[in-house]
Structures are given as structure tokens and as C-alpha cells.
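Working notes, structure below.
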Amino acid sequence: MTSAVDKAALAKRPVMPRTARILGFAALALALGVAMPWLVSSKLTLSLTTQAIVDALLATSVGFLVLQNGRVSFGQAAFFGLGGYAFGVLVARQLVAPEVAFLLALALPTLVAFLLGLVFARIAGVAHAMLTLAVGQAFYEIAFRWRELAKGDDGMSFELPQRIFGFASSSLQDPVVMVVVAWSALVLALAGLALFVNSRIGQIAAAVRDNEERARFIGHDTAIPPAVVYAIASFLAALAGVLQATYNGYIAPQMFHWSLSGTALIMAVVGGAQLIVGPAIGAVCFFFLKDFAGRFAEFWPAIVGTVLVAVTLLMPQGMVGLAFRLWAGRRSKP
């Protein structure tokens with residue numbers, strides 16, 4: 001039996017700093033990603049996993065807005081498509097080096113999102129959701145009707161140059177390689193978001209989310225932090241778009257469509273939008289549920305919809321939120 005002295009000594013033991021824990025988990029997750037091609041032999045499974053991870057990045061983008069800004073966006077597909085289109089058009093027309101195209105495809109949506117975020121942050125509720133939807137559909141209409149840009153509604157295929165950042169471009173369309181690249185991007189993104197949430201600007205953004213008037217009263221800027229959150233979320237969406245465009249060698253207006261934003265929001269809610277890792281896990285589960293149901297039933301959307309309704313009603317905090325609650329309850333028992 002542990003004595004009172006031993007308990008006091010254990011209580012005084014230093015706890016591993018949060019940053020160290022985040023980086024430690026990220027390192028383990030990265031190691032798992034590197035080992036994934038050796039653990040899974042099927043290229044089809046690796047290809048599906050790559051697409052699921054891309055969806056997880058987009059869902060994380062939507063979930064991060066809910067977590068930090070308390071805002072629901074139906075327009076994140078705009079930045080997903082903008083990243084993919086910027087990369088695809090610049091590479092297809094050889095306007096700049098592929099490395100520069102990659103960086104511009106991430107920087108452009110991030111800058112646009114920051115400027116829009118300065119406006120979006122001042123609007124809440126249904127009006128905010130409708131405004132993001134309108135902006136997203138505006139981008140969709142441009143891509144759909146502007147045939148000179150990327151063949152309009154037909155979409156455009158493009159070939160990658162021989163090498164990007166010193167690596168053979170063909171490897172980026174190989175699921176064995178791309179699953180590691182996409183997984184590493186997702187892990188680093190989640191680790192970065194976890195660090196941001198605990199940073200000063202992240203805490204200010206959370207304070208603005210909880211009570212904007214009080215945050216303004218104590219001297220905090222209530223426009224810049226939410227706009228930064230929009231920029232970060234849109235950077236993740238653009239990264240997902242670039243990865244998808246690179247892997248498929250194809251861009252199409254559907255990358256901008258509001259239904260993609262809606263699906264990403266469903267993924268975030270299913271996984272648990274109040275947790276950083278929730279949307280990513282929800283996206284992976286949703287993707288493979290959809291794939292599994294599609295193999296065995298013609299009316300697979302009805303099956304997926306039924307499961308989603310059940311999850312939403314029975315697990316309002318999402319799958320990951322429920323798992324954390326059960327784990328916390330188990331640990332609290334004597």
C-alpha cells in the first residue's frame with residue numbers, strides 16, 4: 001500500500017510538458033506512417049488510405065474553425081479547390097518551377113482566407129454559414145464556366161515534371177509513397193494545431209469565440225486572431241487540394257463544390273469537432289464506411305445516412321469525444 005509520503009512524492013513529480021507530449025506523439029505517429037507500406041501490402045488499400053487522409057486534412061480544416069472560432073463553414077472546399085487549381089494550372093502551363101507552384105498553391109489560398117477572415121469574423125450564426133457558402137459557390141462558378149483556365153466543367157489532366165524538390169515526380173503518384181507523404185502532412189498538421197491552440201494567439205482566439213465583447217474590453221484585438229484561424233484552416237484545405245491534384249494529376253470544378261464542404265463538416269461532427277484529432281478520425285471512418293457500403297448495396301447512401309444519424313443522436317460529442325469520456329470515467333473509478 002502506498003503511504004501518504006509516497007503519494008506526496010508522486011504528486012510533486014514533474015509532469016511532461018504539453019509541448020513535449022505533443023511532439024512525442026507526433027514522432028510515434030510519423031514512425032507508424034513510414035511503416036505503413038510494410039504493414040499493408042495491397043496497393044488498392046494504400047490508395048484508398050491516401051484518399052482518406054486527404055479527406056481527413058479537409059475535415060480537420062473545417063473542424064478547426066468550429067473548435068477555435070465557433071464558426072461553421074460551408075465554403076472550405078473553395079480553398080481546397082484553389083490550392084489544387086493553382087498547382088495544376090501553374091504546372092500544366094509551366095509558368096513557374098514546380099517547387100514555386102507548390103508554395104504558391106499554399107500561400108495564395110492562405111492569404112485570401114486571411115483577408116476574407118477579417119470580414120467573416122464579424123459575422124456569426126446562419127449569416128456566417130451562408131456567406132461562406134456563397135463565397136465557395138462563387139469560386140465553383142468561376143472554375144465551371146472559365147474554360148480557358150482549366151477546360152471548365154470537363155476538368156483538366158496534367159503531367160508532373162520529372163522531379164519536384166529533388167524527388168522523382170512519378171513516386172508522388174505511387175500509393176506506396178504518397179500514403180507516407182499524406183500521413184506525414186496530416187500528423188504534422190495536427191501537431192501544429194495542438195501547439196497553436198495552446199499558444200497565446202490561440203488562447204486569444206478562443207476568448208473571442210467565447211465572449212467577443214469581454215475579450216475586447218480587456219484589450220485584445222478581436223479581428224486578427226479569428227482571421228489567423230481562418231488562414232490556418234484554409235492552409236490545411238489548400239494542402240489537401242494540392243495533395244489530391246498531385247496524386248491524381250487532375251483538377252475539376254467539383255473540388256470547389258459546396259457538397260464537398262458539407263461532407264467535410266459531417267466528417268468533423270462524426271469524429272468530434274471539439275477535439276483536434278476528432279475530425280481526422282471521423283473522416284477516415286466515414287470514408288471507409290462509404291467504401292464498404294458501396295461494395296455491398298446499391299443504395300449505399302441510405303445506409304451511410306442511417307449510421308450518421310445514429311452517431312449524431314447517440315454520440316453528440318462524436319466518436320472520439322465519447323471514447324475520451326469513457327476512458328476518463330474508467331480512470332476515475334477506484
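As shown in the C-alpha cells, the chain order sets the letters A, B, ...; within each chain, residues go from 1, and ligands are also counted from 1 in the order they appear.
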Can you pull out the residues contacting Met267 in chain A? Cut-off 7 Å, using only C-alpha atoms, and skip same-chain residues under 4 positions away; I want them as a ChimeraX atom specification.
/A:59,263,271,279,282-283,286
In range 78-285 of chain A, DSSP alpha helix (DSSP H) residues written as an mmCIF file with C-alpha atoms, in the first residue's frame:
```
data_model
loop_
_atom_site.group_PDB
_atom_site.id
_atom_site.type_symbol
_atom_site.label_atom_id
_atom_site.label_comp_id
_atom_site.auth_asym_id
_atom_site.auth_seq_id
_atom_site.Cartn_x
_atom_site.Cartn_y
_atom_site.Cartn_z
ATOM 1 C CA ALA A 78 -13.142 26.877 -52.059
ATOM 2 C CA PHE A 79 -9.630 26.762 -50.578
ATOM 3 C CA PHE A 80 -9.310 23.041 -51.282
ATOM 4 C CA GLY A 81 -10.047 23.716 -54.942
ATOM 5 C CA LEU A 82 -7.999 26.897 -55.052
ATOM 6 C CA GLY A 83 -4.921 25.011 -53.860
ATOM 7 C CA GLY A 84 -5.420 22.198 -56.351
ATOM 8 C CA TYR A 85 -6.175 24.545 -59.254
ATOM 9 C CA ALA A 86 -3.272 26.882 -58.524
ATOM 10 C CA PHE A 87 -0.847 23.975 -58.507
ATOM 11 C CA GLY A 88 -2.377 22.196 -61.514
ATOM 12 C CA VAL A 89 -2.619 25.276 -63.751
ATOM 13 C CA LEU A 90 0.853 26.564 -62.901
ATOM 14 C CA VAL A 91 2.426 23.143 -63.523
ATOM 15 C CA ALA A 92 0.413 22.364 -66.665
ATOM 16 C CA PRO A 98 7.073 23.090 -59.750
ATOM 17 C CA GLU A 99 8.522 23.909 -56.325
ATOM 18 C CA VAL A 100 7.375 27.518 -56.676
ATOM 19 C CA ALA A 101 3.980 26.305 -57.900
ATOM 20 C CA PHE A 102 3.639 24.162 -54.784
ATOM 21 C CA LEU A 103 4.453 27.079 -52.478
ATOM 22 C CA LEU A 104 2.182 29.496 -54.340
ATOM 23 C CA ALA A 105 -0.662 26.968 -54.239
ATOM 24 C CA LEU A 106 -0.440 27.030 -50.449
ATOM 25 C CA ALA A 107 0.276 30.731 -49.994
ATOM 26 C CA LEU A 108 -2.483 32.084 -52.259
ATOM 27 C CA PRO A 109 -5.464 30.397 -50.511
ATOM 28 C CA THR A 110 -3.975 31.246 -47.119
ATOM 29 C CA LEU A 111 -3.720 34.936 -47.990
ATOM 30 C CA VAL A 112 -7.222 35.019 -49.500
ATOM 31 C CA ALA A 113 -8.623 33.276 -46.414
ATOM 32 C CA PHE A 114 -6.945 35.742 -44.058
ATOM 33 C CA LEU A 115 -8.457 38.714 -45.893
ATOM 34 C CA LEU A 116 -11.881 37.072 -46.008
ATOM 35 C CA GLY A 117 -11.487 36.088 -42.364
ATOM 36 C CA LEU A 118 -11.281 39.750 -41.372
ATOM 37 C CA VAL A 119 -14.857 40.026 -42.676
ATOM 38 C CA PHE A 120 -16.135 36.581 -41.695
ATOM 39 C CA GLY A 125 -24.691 32.245 -36.903
ATOM 40 C CA VAL A 126 -26.620 31.387 -40.047
ATOM 41 C CA ALA A 127 -25.439 34.536 -41.820
ATOM 42 C CA HIS A 128 -21.842 33.381 -41.481
ATOM 43 C CA ALA A 129 -22.623 29.910 -42.830
ATOM 44 C CA MET A 130 -24.499 31.383 -45.809
ATOM 45 C CA LEU A 131 -21.703 33.857 -46.554
ATOM 46 C CA THR A 132 -19.081 31.100 -46.642
ATOM 47 C CA LEU A 133 -21.400 29.055 -48.869
ATOM 48 C CA ALA A 134 -21.811 31.996 -51.262
ATOM 49 C CA VAL A 135 -18.054 32.580 -51.468
ATOM 50 C CA GLY A 136 -17.414 28.889 -52.082
ATOM 51 C CA GLN A 137 -20.007 28.705 -54.847
ATOM 52 C CA ALA A 138 -18.567 31.826 -56.468
ATOM 53 C CA PHE A 139 -15.246 30.014 -56.866
ATOM 54 C CA TYR A 140 -17.104 26.960 -58.195
ATOM 55 C CA GLU A 141 -18.906 29.001 -60.850
ATOM 56 C CA ILE A 142 -15.642 30.581 -61.984
ATOM 57 C CA ALA A 143 -13.952 27.189 -62.371
ATOM 58 C CA PHE A 144 -17.059 25.699 -64.014
ATOM 59 C CA ARG A 145 -17.554 28.428 -66.629
ATOM 60 C CA ARG A 147 -12.963 27.063 -69.951
ATOM 61 C CA GLU A 148 -9.720 28.828 -70.821
ATOM 62 C CA LEU A 149 -8.484 28.325 -67.269
ATOM 63 C CA ALA A 150 -8.756 24.540 -66.954
ATOM 64 C CA PRO A 175 0.302 4.927 -53.335
ATOM 65 C CA VAL A 176 3.248 3.315 -51.522
ATOM 66 C CA VAL A 177 4.998 6.690 -51.382
ATOM 67 C CA MET A 178 2.021 9.020 -51.346
ATOM 68 C CA VAL A 179 0.393 7.391 -48.328
ATOM 69 C CA VAL A 180 3.521 8.205 -46.303
ATOM 70 C CA VAL A 181 3.621 11.778 -47.627
ATOM 71 C CA ALA A 182 -0.074 12.390 -46.914
ATOM 72 C CA TRP A 183 0.110 10.752 -43.482
ATOM 73 C CA SER A 184 3.157 12.818 -42.537
ATOM 74 C CA ALA A 185 1.387 16.003 -43.643
ATOM 75 C CA LEU A 186 -1.656 15.115 -41.532
ATOM 76 C CA VAL A 187 0.397 14.282 -38.427
ATOM 77 C CA LEU A 188 2.451 17.465 -38.682
ATOM 78 C CA ALA A 189 -0.735 19.483 -39.233
ATOM 79 C CA LEU A 190 -2.413 18.011 -36.148
ATOM 80 C CA ALA A 191 0.700 18.593 -34.045
ATOM 81 C CA GLY A 192 0.908 22.178 -35.288
ATOM 82 C CA LEU A 193 -2.748 22.806 -34.452
ATOM 83 C CA ALA A 194 -2.278 21.378 -30.962
ATOM 84 C CA LEU A 195 0.638 23.746 -30.391
ATOM 85 C CA PHE A 196 -1.336 26.682 -31.809
ATOM 86 C CA VAL A 197 -4.318 26.057 -29.529
ATOM 87 C CA ARG A 200 -1.088 32.998 -26.856
ATOM 88 C CA ILE A 201 -2.844 33.855 -30.121
ATOM 89 C CA GLY A 202 -4.749 30.574 -29.982
ATOM 90 C CA GLN A 203 -5.976 31.350 -26.470
ATOM 91 C CA ILE A 204 -6.990 34.857 -27.551
ATOM 92 C CA ALA A 205 -8.952 33.395 -30.476
ATOM 93 C CA ALA A 206 -10.702 31.043 -28.039
ATOM 94 C CA ALA A 207 -11.503 34.008 -25.761
ATOM 95 C CA VAL A 208 -13.015 35.885 -28.712
ATOM 96 C CA ARG A 209 -15.048 32.779 -29.545
ATOM 97 C CA ASP A 210 -16.412 32.513 -26.003
ATOM 98 C CA GLU A 212 -16.032 38.740 -28.007
ATOM 99 C CA GLU A 213 -17.221 41.756 -26.023
ATOM 100 C CA ARG A 214 -15.289 40.711 -22.919
ATOM 101 C CA ALA A 215 -12.159 39.995 -24.964
ATOM 102 C CA ARG A 216 -12.384 43.472 -26.484
ATOM 103 C CA PHE A 217 -12.971 45.029 -23.064
ATOM 104 C CA ILE A 224 -6.816 39.404 -36.208
ATOM 105 C CA PRO A 225 -6.812 36.150 -34.142
ATOM 106 C CA PRO A 226 -10.002 34.740 -35.768
ATOM 107 C CA ALA A 227 -8.646 35.747 -39.180
ATOM 108 C CA VAL A 228 -5.420 33.886 -38.411
ATOM 109 C CA VAL A 229 -7.515 30.824 -37.552
ATOM 110 C CA TYR A 230 -9.268 31.123 -40.925
ATOM 111 C CA ALA A 231 -5.906 31.368 -42.652
ATOM 112 C CA ILE A 232 -4.524 28.291 -40.894
ATOM 113 C CA ALA A 233 -7.669 26.270 -41.593
ATOM 114 C CA SER A 234 -7.585 27.273 -45.247
ATOM 115 C CA PHE A 235 -3.884 26.412 -45.475
ATOM 116 C CA LEU A 236 -4.813 22.864 -44.450
ATOM 117 C CA ALA A 237 -7.630 22.751 -47.013
ATOM 118 C CA ALA A 238 -5.255 24.007 -49.713
ATOM 119 C CA LEU A 239 -2.656 21.414 -48.707
ATOM 120 C CA ALA A 240 -5.295 18.705 -49.100
ATOM 121 C CA GLY A 241 -6.196 20.090 -52.530
ATOM 122 C CA VAL A 242 -2.567 20.153 -53.664
ATOM 123 C CA LEU A 243 -2.024 16.572 -52.477
ATOM 124 C CA GLN A 244 -5.122 15.364 -54.317
ATOM 125 C CA ALA A 245 -4.222 17.213 -57.513
ATOM 126 C CA THR A 246 -0.672 15.865 -57.358
ATOM 127 C CA TYR A 247 -1.758 12.285 -56.724
ATOM 128 C CA ASN A 248 -4.479 12.204 -59.383
ATOM 129 C CA TRP A 258 -20.390 23.091 -51.547
ATOM 130 C CA SER A 259 -21.250 19.390 -51.172
ATOM 131 C CA LEU A 260 -17.577 18.679 -50.520
ATOM 132 C CA SER A 261 -17.599 21.268 -47.723
ATOM 133 C CA GLY A 262 -20.776 19.700 -46.339
ATOM 134 C CA THR A 263 -19.250 16.241 -46.388
ATOM 135 C CA ALA A 264 -16.170 17.539 -44.582
ATOM 136 C CA LEU A 265 -18.411 19.106 -41.932
ATOM 137 C CA ILE A 266 -20.242 15.787 -41.473
ATOM 138 C CA MET A 267 -16.893 14.044 -41.033
ATOM 139 C CA ALA A 268 -15.852 16.599 -38.414
ATOM 140 C CA VAL A 269 -19.108 16.236 -36.487
ATOM 141 C CA VAL A 270 -18.985 12.428 -36.589
ATOM 142 C CA GLY A 271 -15.432 12.353 -35.291
ATOM 143 C CA GLY A 278 -11.695 14.168 -33.929
ATOM 144 C CA PRO A 279 -12.395 15.371 -37.500
ATOM 145 C CA ALA A 280 -9.461 13.388 -38.920
ATOM 146 C CA ILE A 281 -10.607 10.151 -37.290
ATOM 147 C CA GLY A 282 -14.196 10.855 -38.326
ATOM 148 C CA ALA A 283 -13.080 11.416 -41.924
ATOM 149 C CA VAL A 284 -11.195 8.117 -42.116
ATOM 150 C CA CYS A 285 -14.108 6.184 -40.581
#
```
Please, what distance in Å, to one decimal, runs between CA of Arg295 in chain A and CA of Leu48 in chain A?
13.6 Å
Nearest to Gln68 in chain A by atom-to-atom distance, counting only C-alpha atoms, from A:Ser42, A:Gln317, A:Thr19, A:Asn198
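Closest to Gln68 in chain A of all the choices is A:Asn198.
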Counting only C-alpha atoms, the option among A:Ile22, A:Val304, A:Val96, A:Val66 closest to Gly272 in chain A:
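The answer is A:Val66, which sits nearest to Gly272 in chain A.
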